[in-house]
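Single-structure report; data block below.
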Amino acid sequence: MNDRPAFLIFDIETVVDGRLVQRIRFPDEPQLTPAQAVAKERARLLETSGGKSDFVAHTFHVPVSVAIAKVAEDFGLIEVRTLDRPKFRPQMITKQFWKGWLGYDKPTLVTFNGRFFDLPVLELAAYRYGIAVPAWFNAVGSQYQQPRNRFNTQAHLDLQDFLGNQGATSINGGLNLVSRLVGGAGKMGTKGDMVQELWERGERERIDDYCMCDALDTYLVFLRTRVLTGHLSLTQERQLVARARTWITSAAEHNVAMAQYANHLAEWTAPGDDEDAFFTDGPVSTDGP
């Protein structure tokens with residue numbers, strides 16, 4: 001297996017910049033601490049949405065963890081790593097991400113819902129910190145060939161877009177659902193809406209570990225989509241998953257999160273033609289109609 005990645009499958013975790021929230025949303029209340037500004041903004045959003053959501057817009061977020069699964073041209077997992085651990089500095093995470101993408105000669109970026117959130121956050125972070133990435137922000141030539149074009153899946157493949165037919169339908173259940181369908185661990189103990197509180201409590205390695213688990217789940221989903229496109233047979237996919245398990249088992253020796261992830265992995269097997277297979281407690285799949 002060539003150790004040079006052809007794909008960078010990644011996930012990010014972010015926190016809201018409370019200082020920015022105070023300056024933009026509450027400029028007449030300079031006495032607000034960053035945490036107070038975030039709490040007030042969430043309360044405002046909850047009220048204006050009729051209790052539906054308190055999610056702060058991505059424009060106020062900064063990346064505090066990026067986990068990257070490096071994947072070879074044959075779709076084999078090379079390794080999973082995170083950036084700027086244990087310091088978790090947003091500006092260094094951003095710089096390392098874009099520098100790595102360029103250094104590996106612009107491999108395909110693969111995400112789940114990254115077009116809506118992950119990449120916009122990293123693009124805006126490059127803007128915030130003054131990091132030039134001309135190869136990504138290239139606007140020369142045919143629009144469909146530009147890296148940021150939604151349909152240029154050679155530059156960025158958003159698996160949610162792929163499974164949802166470019167937004168034609170919603171993937172209700174998200175990464176947690178589609179990863180579990182193929183034996184992934186899914187959400188274990190840490191969830192995305194916990195990250196802000198964990199960050200404020202100083203539990204930064206826990207955030208980083210959680211991010212690694214999501215990157216692994218995204219890798220498993222990626223493999224199954226390659227079966228759909230005919231790039232892999234189901235047998236080849238199973239072999240690649242077994243290789244990934246070997247890497248995870250090795251990483252679990254010195255990483256508690258990887259040990260938990262390994263314990264939550266399910267052994268996916270294709271059900272037979274018995275219709276009752278669709279109503280079992282195990283992972284659901286099918287080889288045909």
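As shown in the structure tokens, the chain order sets the letters A, B, ...; within each chain, residues go from 1, and ligands are also counted from 1 in the order they appear.
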List every residue of segment 9-240 of chain A that DSSP, applied to the backbone of this structure, assigns to strand (DSSP E or B), and report them as an MDAnalysis selection string. chainID A and resid 9:16 61:71 77:82 108:111 156:158
Writing out the chosen residues with N, CA, C and O atoms as a CSV table (one decimal), in the first residue's frame:
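What landed in result33.csv:
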chain,number,residue,atom,x,y,z
A,9,ILE,N,-9.9,12.0,4.6
A,9,ILE,CA,-11.3,11.9,5.2
A,9,ILE,C,-11.2,12.6,6.5
A,9,ILE,O,-10.4,12.2,7.4
A,10,PHE,N,-11.9,13.7,6.7
A,10,PHE,CA,-11.7,14.4,8.0
A,10,PHE,C,-13.1,14.8,8.6
A,10,PHE,O,-14.1,14.9,8.0
A,11,ASP,N,-12.9,15.2,9.9
A,11,ASP,CA,-14.0,15.7,10.7
A,11,ASP,C,-13.5,16.8,11.5
A,11,ASP,O,-12.3,16.8,11.9
A,12,ILE,N,-14.3,17.8,11.9
A,12,ILE,CA,-13.8,18.9,12.7
A,12,ILE,C,-14.8,19.0,13.9
A,12,ILE,O,-15.9,18.7,13.8
A,13,GLU,N,-14.2,19.6,15.0
A,13,GLU,CA,-15.0,20.0,16.1
A,13,GLU,C,-14.7,21.5,16.3
A,13,GLU,O,-13.5,21.9,16.1
A,14,THR,N,-15.7,22.2,16.7
A,14,THR,CA,-15.5,23.7,16.8
A,14,THR,C,-16.1,24.2,18.1
A,14,THR,O,-16.9,23.5,18.8
A,15,VAL,N,-15.7,25.4,18.5
A,15,VAL,CA,-16.3,26.1,19.6
A,15,VAL,C,-16.7,27.5,19.1
A,15,VAL,O,-16.1,28.0,18.1
A,16,VAL,N,-17.6,28.1,19.7
A,16,VAL,CA,-18.0,29.5,19.4
A,16,VAL,C,-17.1,30.5,20.0
A,16,VAL,O,-16.7,30.4,21.2
A,61,HIS,N,-17.7,30.3,14.6
A,61,HIS,CA,-17.0,29.1,15.1
A,61,HIS,C,-15.5,29.2,14.7
A,61,HIS,O,-15.2,29.7,13.7
A,62,VAL,N,-14.7,28.6,15.6
A,62,VAL,CA,-13.3,28.3,15.2
A,62,VAL,C,-13.0,26.8,15.4
A,62,VAL,O,-13.6,26.2,16.3
A,63,PRO,N,-12.1,26.2,14.6
A,63,PRO,CA,-11.8,24.8,14.8
A,63,PRO,C,-10.9,24.6,16.0
A,63,PRO,O,-9.9,25.3,16.2
A,64,VAL,N,-11.3,23.6,16.8
A,64,VAL,CA,-10.4,23.2,18.0
A,64,VAL,C,-10.0,21.8,17.9
A,64,VAL,O,-9.2,21.3,18.7
A,65,SER,N,-10.4,21.1,16.9
A,65,SER,CA,-10.0,19.7,16.6
A,65,SER,C,-10.3,19.4,15.1
A,65,SER,O,-11.3,19.7,14.6
A,66,VAL,N,-9.3,18.8,14.5
A,66,VAL,CA,-9.4,18.3,13.2
A,66,VAL,C,-8.8,16.9,13.2
A,66,VAL,O,-7.6,16.7,13.4
A,67,ALA,N,-9.6,15.9,12.9
A,67,ALA,CA,-9.1,14.5,12.8
A,67,ALA,C,-9.1,14.1,11.3
A,67,ALA,O,-10.1,14.3,10.6
A,68,ILE,N,-8.0,13.5,10.9
A,68,ILE,CA,-7.9,13.2,9.5
A,68,ILE,C,-7.5,11.7,9.3
A,68,ILE,O,-6.5,11.2,9.9
A,69,ALA,N,-8.3,11.0,8.5
A,69,ALA,CA,-8.0,9.6,8.2
A,69,ALA,C,-7.3,9.7,6.8
A,69,ALA,O,-8.0,10.1,5.8
A,70,LYS,N,-6.1,9.3,6.8
A,70,LYS,CA,-5.4,9.3,5.5
A,70,LYS,C,-5.7,7.9,4.8
A,70,LYS,O,-5.5,6.9,5.4
A,71,VAL,N,-6.1,8.0,3.5
A,71,VAL,CA,-6.5,6.8,2.8
A,71,VAL,C,-5.8,6.8,1.5
A,71,VAL,O,-5.7,7.7,0.8
A,77,LEU,N,-6.8,2.2,4.7
A,77,LEU,CA,-6.5,3.2,5.7
A,77,LEU,C,-5.1,3.2,6.1
A,77,LEU,O,-4.5,2.2,6.4
A,78,ILE,N,-4.4,4.4,6.0
A,78,ILE,CA,-3.0,4.5,6.3
A,78,ILE,C,-2.9,4.8,7.8
A,78,ILE,O,-2.2,4.1,8.6
A,79,GLU,N,-3.6,5.8,8.3
A,79,GLU,CA,-3.6,6.2,9.7
A,79,GLU,C,-4.7,7.2,9.9
A,79,GLU,O,-5.2,7.8,9.0
A,80,VAL,N,-5.0,7.5,11.2
A,80,VAL,CA,-5.8,8.6,11.6
A,80,VAL,C,-5.0,9.4,12.6
A,80,VAL,O,-4.4,8.9,13.6
A,81,ARG,N,-5.0,10.7,12.4
A,81,ARG,CA,-4.3,11.6,13.3
A,81,ARG,C,-5.1,12.9,13.5
A,81,ARG,O,-6.0,13.2,12.7
A,82,THR,N,-4.7,13.6,14.5
A,82,THR,CA,-5.3,14.9,14.8
A,82,THR,C,-4.2,16.0,14.7
A,82,THR,O,-3.1,15.7,14.7
A,108,THR,N,-8.2,14.2,-2.6
A,108,THR,CA,-9.6,14.5,-2.5
A,108,THR,C,-10.0,14.6,-1.0
A,108,THR,O,-9.7,13.7,-0.2
A,109,LEU,N,-10.7,15.6,-0.7
A,109,LEU,CA,-11.2,15.8,0.7
A,109,LEU,C,-12.5,15.1,0.8
A,109,LEU,O,-13.4,15.2,-0.1
A,110,VAL,N,-12.7,14.3,1.8
A,110,VAL,CA,-14.0,13.5,2.0
A,110,VAL,C,-14.5,13.9,3.4
A,110,VAL,O,-13.8,13.8,4.4
A,111,THR,N,-15.8,14.2,3.4
A,111,THR,CA,-16.5,14.6,4.7
A,111,THR,C,-17.9,14.0,4.7
A,111,THR,O,-18.4,13.5,3.7
A,156,HIS,N,-13.6,17.6,-3.5
A,156,HIS,CA,-14.3,17.4,-2.2
A,156,HIS,C,-15.5,16.5,-2.5
A,156,HIS,O,-16.4,16.9,-3.2
A,157,LEU,N,-15.5,15.4,-1.8
A,157,LEU,CA,-16.7,14.5,-1.8
A,157,LEU,C,-17.4,14.5,-0.5
A,157,LEU,O,-16.9,14.1,0.5
A,158,ASP,N,-18.6,15.1,-0.5
A,158,ASP,CA,-19.4,15.2,0.7
A,158,ASP,C,-20.3,14.0,0.7
A,158,ASP,O,-21.2,13.9,-0.2
Based on the backbone DSSP call, show me all residues of segment 32-178 of chain A assigned helix (DSSP H, G or I), as a PyMOL selection string. chain A and resi 34-48+58-60+90-103+118-129+143-145+159-163+174-178
Please identify all polymer residues within 8 Å of Val241 of chain A, counting only C-alpha atoms, omitting same-chain residues fewer than 4 positions from it, and present them as a ChimeraX atom specification. /A:220,237,245
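You can rank A:Arg23, A:Arg115, A:Ile171, A:Val178 by their closest distance to Pro147 of chain A using only C-alpha atoms, and at the top of that list sits A:Arg115.
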Interatomic distance (Å, one decimal) between atom CA of Asp3 of chain A and atom CA of Tyr144 of chain A: 29.5 Å
Name the residues in contact with Lys87 of chain A at a cut-off of 12 Å, using only C-alpha atoms, excluding same-chain residues fewer than 2 positions from it; report them as a PyMOL selection string. chain A and resi 64-65+82-85+89-93+202-205+208
Write out the residues from the selection above, keeping N, CA and C atoms, as a tab-separated table (two decimals), in the first residue's frame.
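Listed below is the output, out-v8.tsv:
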chain	number	residue	atom	x	y	z
A	64	VAL	N	-11.27	23.60	16.82
A	64	VAL	CA	-10.42	23.24	17.96
A	64	VAL	C	-9.96	21.79	17.87
A	65	SER	N	-10.45	21.08	16.88
A	65	SER	CA	-9.97	19.72	16.60
A	65	SER	C	-10.26	19.39	15.15
A	82	THR	N	-4.72	13.63	14.51
A	82	THR	CA	-5.33	14.93	14.75
A	82	THR	C	-4.25	16.00	14.69
A	83	LEU	N	-4.66	17.25	14.62
A	83	LEU	CA	-3.74	18.35	14.41
A	83	LEU	C	-3.53	19.18	15.67
A	84	ASP	N	-2.26	19.56	15.87
A	84	ASP	CA	-1.85	20.47	16.95
A	84	ASP	C	-2.23	19.95	18.34
A	85	ARG	N	-2.16	18.66	18.54
A	85	ARG	CA	-2.37	18.09	19.86
A	85	ARG	C	-1.04	18.14	20.60
A	89	ARG	N	-4.58	24.80	19.09
A	89	ARG	CA	-4.69	26.22	18.74
A	89	ARG	C	-5.40	26.35	17.39
A	90	PRO	N	-6.51	27.07	17.35
A	90	PRO	CA	-7.27	27.18	16.09
A	90	PRO	C	-6.44	27.63	14.90
A	91	GLN	N	-5.57	28.63	15.12
A	91	GLN	CA	-4.79	29.14	13.99
A	91	GLN	C	-3.80	28.09	13.47
A	92	MET	N	-3.20	27.29	14.38
A	92	MET	CA	-2.26	26.27	13.95
A	92	MET	C	-2.98	25.08	13.32
A	93	ILE	N	-4.14	24.74	13.85
A	93	ILE	CA	-4.94	23.66	13.26
A	93	ILE	C	-5.29	24.03	11.81
A	202	GLY	N	-12.06	22.46	29.88
A	202	GLY	CA	-10.68	22.06	29.66
A	202	GLY	C	-10.49	20.62	29.22
A	203	GLU	N	-11.57	19.93	28.82
A	203	GLU	CA	-11.48	18.53	28.41
A	203	GLU	C	-11.19	18.45	26.90
A	204	ARG	N	-10.03	18.95	26.53
A	204	ARG	CA	-9.73	19.13	25.12
A	204	ARG	C	-9.30	17.84	24.43
A	205	GLU	N	-8.61	16.97	25.14
A	205	GLU	CA	-8.24	15.70	24.54
A	205	GLU	C	-9.47	14.82	24.31
A	208	ASP	N	-10.83	15.87	21.05
A	208	ASP	CA	-9.97	15.38	19.98
A	208	ASP	C	-10.22	13.89	19.72
As an MDAnalysis selection string, please: the residues near Ala6 of chain A (cut-off 6 Å, only C-alpha atoms, same-chain neighbours under 2 positions excluded). chainID A and resid 72:73 107
Measure the distance from atom CA of Thr218 of chain A to atom CA of Leu159 of chain A in Å and round it to one decimal. 8.2 Å
Selected residue, from A:Lys52, A:Thr229, A:Ile24, A:Ala262, that lies nearest to Ser250 of chain A when counting only C-alpha atoms: A:Ala262
Would you mind listing what lies within 8 Å of Ala185 of chain A as number ranges by chain, with only C-alpha atoms counted and same-chain residues fewer than 4 positions away left out? A: 179-180, 217, 261-262, 264-266
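Among the candidates A:Gly164, A:Pro120, A:Gly76, A:Arg201, the residue lying nearest to Ala242 of chain A is A:Gly76 (atoms considered: only C-alpha atoms).
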